[in-house]
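Here is the file final.txt (compact mmCIF, C-alpha atoms).
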# COMPACT_ATOMS: atom_id res chain seq x y z
CA MET H 1 0.00 0.00 0.00
CA GLU H 2 2.90 2.29 0.77
CA ALA H 3 4.32 1.74 -2.73
CA LEU H 4 1.00 2.76 -4.28
CA THR H 5 0.87 5.94 -2.20
CA GLU H 6 4.44 6.72 -3.23
CA LEU H 7 3.62 6.11 -6.90
CA LEU H 8 0.54 8.35 -6.78
CA GLY H 9 2.56 11.07 -5.07
CA SER H 10 5.13 11.08 -7.88
CA ILE H 11 2.63 11.76 -10.68
CA SER H 12 3.12 15.16 -12.29
CA TYR H 13 1.22 17.04 -14.96
CA TRP H 14 3.63 15.69 -17.59
CA HIS H 15 2.43 12.17 -16.85
CA TRP H 16 -1.19 13.19 -17.48
CA LEU H 17 -0.29 15.01 -20.70
CA ALA H 18 1.75 12.01 -21.87
CA LEU H 19 -1.17 9.69 -21.12
CA ALA H 20 -3.46 12.04 -23.04
CA ALA H 21 -1.10 12.06 -26.03
CA ILE H 22 -0.81 8.27 -26.02
CA LEU H 23 -4.58 7.75 -25.83
CA ILE H 24 -5.29 10.28 -28.57
CA VAL H 25 -2.58 8.87 -30.87
CA VAL H 26 -3.96 5.35 -30.41
CA GLU H 27 -7.44 6.75 -31.09
CA ILE H 28 -6.22 8.30 -34.34
CA MET H 29 -4.93 4.89 -35.41
CA THR H 30 -8.22 3.19 -34.49
CA PRO H 31 -11.01 5.69 -35.23
CA THR H 32 -13.63 4.42 -32.80
CA THR H 33 -13.85 7.37 -30.35
CA TYR H 34 -13.46 4.96 -27.42
CA LEU H 35 -10.09 6.36 -26.34
CA LEU H 36 -10.70 9.96 -27.33
CA TRP H 37 -12.81 10.77 -24.26
CA PRO H 38 -10.41 9.39 -21.63
CA GLY H 39 -7.61 11.11 -23.58
CA LEU H 40 -9.39 14.44 -23.26
CA ALA H 41 -9.99 13.77 -19.54
CA ALA H 42 -6.28 13.05 -19.04
CA ALA H 43 -5.40 16.28 -20.87
CA ALA H 44 -7.82 18.24 -18.66
CA VAL H 45 -6.29 16.75 -15.49
CA GLY H 46 -2.79 17.52 -16.81
CA ILE H 47 -3.70 21.14 -17.50
CA LEU H 48 -5.48 21.45 -14.14
CA SER H 49 -2.45 19.98 -12.37
CA ALA H 50 -0.08 22.32 -14.21
CA LEU H 51 -2.17 25.38 -13.32
CA THR H 52 -2.71 24.54 -9.64
CA GLY H 53 0.55 22.84 -8.82
CA SER H 54 0.10 19.26 -7.70
CA LEU H 55 -3.28 18.31 -6.31
CA GLY H 56 -1.96 14.97 -5.16
CA GLY H 57 -2.02 11.78 -7.18
CA ASP H 58 -5.07 10.34 -5.46
CA VAL H 59 -7.14 13.51 -6.05
CA GLU H 60 -5.95 13.75 -9.65
CA LEU H 61 -6.83 10.10 -10.22
CA LEU H 62 -10.31 10.70 -8.80
CA ILE H 63 -10.78 13.79 -11.00
CA PHE H 64 -9.61 11.78 -14.02
CA ALA H 65 -12.10 8.99 -13.30
CA VAL H 66 -15.03 11.39 -12.90
CA LEU H 67 -14.04 13.44 -15.96
CA ALA H 68 -13.50 10.33 -18.09
CA VAL H 69 -17.01 9.09 -17.35
CA ALA H 70 -18.62 12.52 -17.77
CA ILE H 71 -16.77 13.36 -20.99
CA THR H 72 -17.49 9.89 -22.40
CA ILE H 73 -21.23 10.24 -21.77
CA ALA H 74 -21.32 13.77 -23.18
CA GLY H 75 -19.10 12.85 -26.12
CA ARG H 76 -21.13 9.81 -27.12
CA ARG H 77 -24.25 11.98 -27.16
CA LEU H 78 -22.40 14.54 -29.26
CA VAL H 79 -21.19 11.96 -31.77
CA THR H 80 -24.53 10.12 -32.03
CA PRO H 81 -27.43 12.43 -31.14
CA PRO H 82 -30.59 10.67 -29.93
CA GLY H 83 -32.81 9.37 -32.70
CA THR H 84 -30.04 9.09 -35.29
CA GLU H 85 -28.95 5.56 -34.52
CA VAL H 86 -28.82 3.45 -37.65
CA VAL H 87 -30.99 0.37 -37.38
CA SER H 88 -29.33 -2.42 -39.28
CA GLY H 89 -31.41 -4.72 -41.43
CA LEU H 90 -28.59 -7.26 -41.42
CA ASN H 91 -30.01 -10.78 -41.05
CA ARG H 92 -33.56 -9.36 -40.93
CA ARG H 93 -34.40 -9.25 -44.60
CA ALA H 94 -38.14 -9.84 -44.12
CA ASP H 95 -38.41 -6.66 -42.00
CA GLN H 96 -37.58 -4.63 -45.10
CA TYR H 97 -40.67 -5.95 -46.91
CA VAL H 98 -43.31 -4.78 -44.43
CA GLY H 99 -45.65 -2.36 -46.22
CA ARG H 100 -44.55 -3.47 -49.69
CA MET H 101 -46.68 -5.15 -52.36
CA ALA H 102 -46.09 -8.74 -53.42
CA SER H 103 -47.62 -10.88 -56.13
CA ALA H 104 -49.08 -14.34 -55.53
CA ALA H 105 -46.80 -16.74 -57.43
CA ASP H 106 -49.42 -19.48 -57.32
CA ALA H 107 -52.92 -19.94 -55.95
CA PHE H 108 -53.22 -19.96 -52.15
CA SER H 109 -54.62 -22.98 -50.35
CA ASN H 110 -55.82 -22.91 -46.74
CA GLY H 111 -54.70 -19.26 -46.54
CA ARG H 112 -51.12 -20.13 -47.48
CA GLY H 113 -49.14 -19.88 -50.68
CA PRO H 114 -46.03 -18.55 -52.42
CA VAL H 115 -45.49 -14.88 -53.23
CA VAL H 116 -42.89 -13.07 -55.29
CA LEU H 117 -41.34 -9.94 -53.90
CA ASP H 118 -38.57 -8.35 -55.93
CA ASP H 119 -36.84 -11.43 -57.36
CA THR H 120 -37.40 -13.76 -54.40
CA HIS H 121 -40.09 -16.35 -53.73
CA TRP H 122 -41.43 -16.33 -50.17
CA GLN H 123 -43.94 -18.48 -48.37
CA ALA H 124 -46.85 -16.38 -47.19
CA ARG H 125 -49.88 -16.68 -44.94
CA ASP H 126 -52.96 -14.53 -45.31
CA VAL H 127 -53.84 -12.94 -41.95
CA ASP H 128 -57.56 -13.59 -42.57
CA GLY H 129 -57.04 -17.10 -43.94
CA ALA H 130 -58.24 -16.05 -47.42
CA ASN H 131 -57.18 -17.88 -50.56
CA HIS H 132 -55.80 -15.75 -53.38
CA ALA H 133 -55.55 -16.45 -57.10
CA ARG H 134 -52.25 -16.54 -58.91
CA GLY H 135 -51.10 -12.98 -59.73
CA ALA H 136 -53.12 -11.32 -56.95
CA THR H 137 -51.52 -8.22 -55.45
CA LEU H 138 -50.93 -8.63 -51.73
CA GLU H 139 -49.69 -6.25 -49.06
CA VAL H 140 -47.01 -7.50 -46.65
CA LEU H 141 -48.07 -6.77 -43.05
CA GLY H 142 -45.27 -8.52 -41.19
CA HIS H 143 -43.61 -11.88 -40.87
CA GLU H 144 -43.21 -14.91 -38.64
CA GLY H 145 -39.69 -16.09 -39.26
CA ALA H 146 -39.40 -16.53 -43.02
CA ILE H 147 -43.16 -16.64 -43.63
CA LEU H 148 -44.66 -13.33 -44.72
CA LYS H 149 -48.03 -12.27 -43.31
CA VAL H 150 -50.10 -10.77 -46.14
CA ARG H 151 -53.59 -9.57 -47.03
CA LYS H 152 -55.26 -8.51 -50.26
CA ALA H 153 -54.01 -5.06 -51.24
CA ALA H 154 -56.56 -2.26 -51.12
CA ARG H 155 -56.65 -0.57 -54.50
What is this structure when it is put down as structure tokens?
Amino acid sequence: MEALTELLGSISYWHWLALAAILIVVEIMTPTTYLLWPGLAAAAVGILSALTGSLGGDVELLIFAVLAVAITIAGRRLVTPPGTEVVSGLNRRADQYVGRMASAADAFSNGRGPVVLDDTHWQARDVDGANHARGATLEVLGHEGAILKVRKAAR
């Protein structure tokens, strides 16, 4: 414990500025913004330490921890404002078809049958259990796995 106290007591503002430089340089090499915020916090502690003299390693470490969390939260909101998150359609292809029109590839039987949407054949189920003739225009309402839920399109 005494060694830790001694180590914290020997930290100067140059150490904080060096840590900031290292974190920001690594961030530049890996543009993820994960290390940018702690790098800015380390720079702020280094500047604060240089302006006030030494606050003590334990106090500076506490300030760094609080600033790193606060700057990270604020920075993430700055980089990705609320409501602008990109929702990926990766591995959810059927979600992209909701609201689109499909054509019955063959006659439906028992409320089920094949539909063509773009260039792909899908199995479909009519939500009302209706049977549709080949070529009927159907609206995609949703899906259950790879089975599209459809109904006759209102014209």
Find the residues around Gly75 in chain H up to 8 Å (all atoms listed in the file counted), leave out those fewer than 4 positions away in its own chain, and share them as a CSV table (one decimal) with C-alpha atoms, in the frame of the given file.
chain,number,residue,atom,x,y,z
H,37,TRP,CA,-12.8,10.8,-24.3
H,71,ILE,CA,-16.8,13.4,-21.0
H,79,VAL,CA,-21.2,12.0,-31.8
Review point. What is the distance, in Å and to one decimal place, between CA of Val66 in chain H and CA of Ser10 in chain H?
Key: 20.8 Å
Review point. Looking at H:Leu141, H:Met101, H:Val59, H:Leu19, which one is nearest to Gly46 in chain H, with distances taken over all atoms listed in the file?
Key: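 With all atoms listed in the file as the atom set, the closest residue is H:Leu19.
Candidate residues H:Trp14, H:Phe108, H:Phe64, H:Tyr34 were compared for distance to Gly135 in chain H, and the nearest is H:Phe108, using only C-alpha atoms.
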Exercise for review: Find the residue from H:Ala65, H:Asp58, H:Lys149, H:Thr72 that sits nearest to Glu6 in chain H; use only C-alpha atoms when measuring.
Suggested key: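 Residue with the minimum atom-to-atom distance to Glu6 in chain H: H:Asp58.
Neighbouring residues of Leu23 in chain H at 12 Å or closer, counting all atoms listed in the file and skipping chain neighbours under 6 positions away, are Trp16, Leu17, Met29, Thr30, Pro31, Thr32, Thr33, Tyr34, Leu35, Leu36, Trp37, Pro38, Gly39, Leu40, Ala41, Ala42 and Ala43 of chain H.
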Exercise for review: May I have the residues within 10 Å of Arg125 in chain H as a count of residues only, using all atoms listed in the file and disregarding those fewer than 4 positions away in the same chain?
Suggested key: 19
Given 6 Å on each side, where is the centre and what are the edge lengths in Å to one decimal of the axis-aligned box enclosing the listed atoms of range 44-62 of chain H, as JSON?
{"center_x": -4.9, "center_y": 17.7, "center_z": -11.9, "size_x": 22.9, "size_y": 27.3, "size_z": 25.5}
Point to revise | Atom pair CA of Trp122 in chain H / CA of Leu138 in chain H: separation (Å) | key: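 Separation of CA of Trp122 in chain H and CA of Leu138 in chain H: 12.3 Å.
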Review point. If I put a ball of radius 7 Å at (-43.6, -10.3, -56.2) in the file's coordinates, which residues poke into it when counting all atoms listed in the file, written as a count of residues only?
Key: 8
Point to revise | Coordinates-based distance that separates CA of Thr80 in chain H from CA of Ile28 in chain H (Å, one decimal) | key: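 Spanning CA of Ile28 in chain H to CA of Thr80 in chain H is a straight-line distance of 18.5 Å.
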Check your understanding: Which neighbours of Lys152 in chain H fall inside 8 Å, counting only C-alpha atoms, when residues of the same chain fewer than 3 positions from it are skipped, and could you give them as a list of chain:residue names?
Key ->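 Neighbouring residues, sequence-local ones excluded: H:His132, H:Ala136, H:Thr137, H:Leu138, H:Glu139.
In terms of minimum interatomic distance to Gln123 in chain H, H:Ala146 ranks closest within H:Ala107, H:Ile22, H:Ala146, H:Ala3, counting all atoms listed in the file.
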Practice item. Determine the nearest neighbour of Ser49 in chain H from the options H:Ala21, H:Ala74, H:Ala133, H:Ile63, counting only C-alpha atoms. Key: H:Ile63
Revision key, fill the gap. From the list H:Ser12, H:Ala68, H:Ala20, H:Asp126, the nearest residue to Ala153 in chain H using only C-alpha atoms is H:Asp126
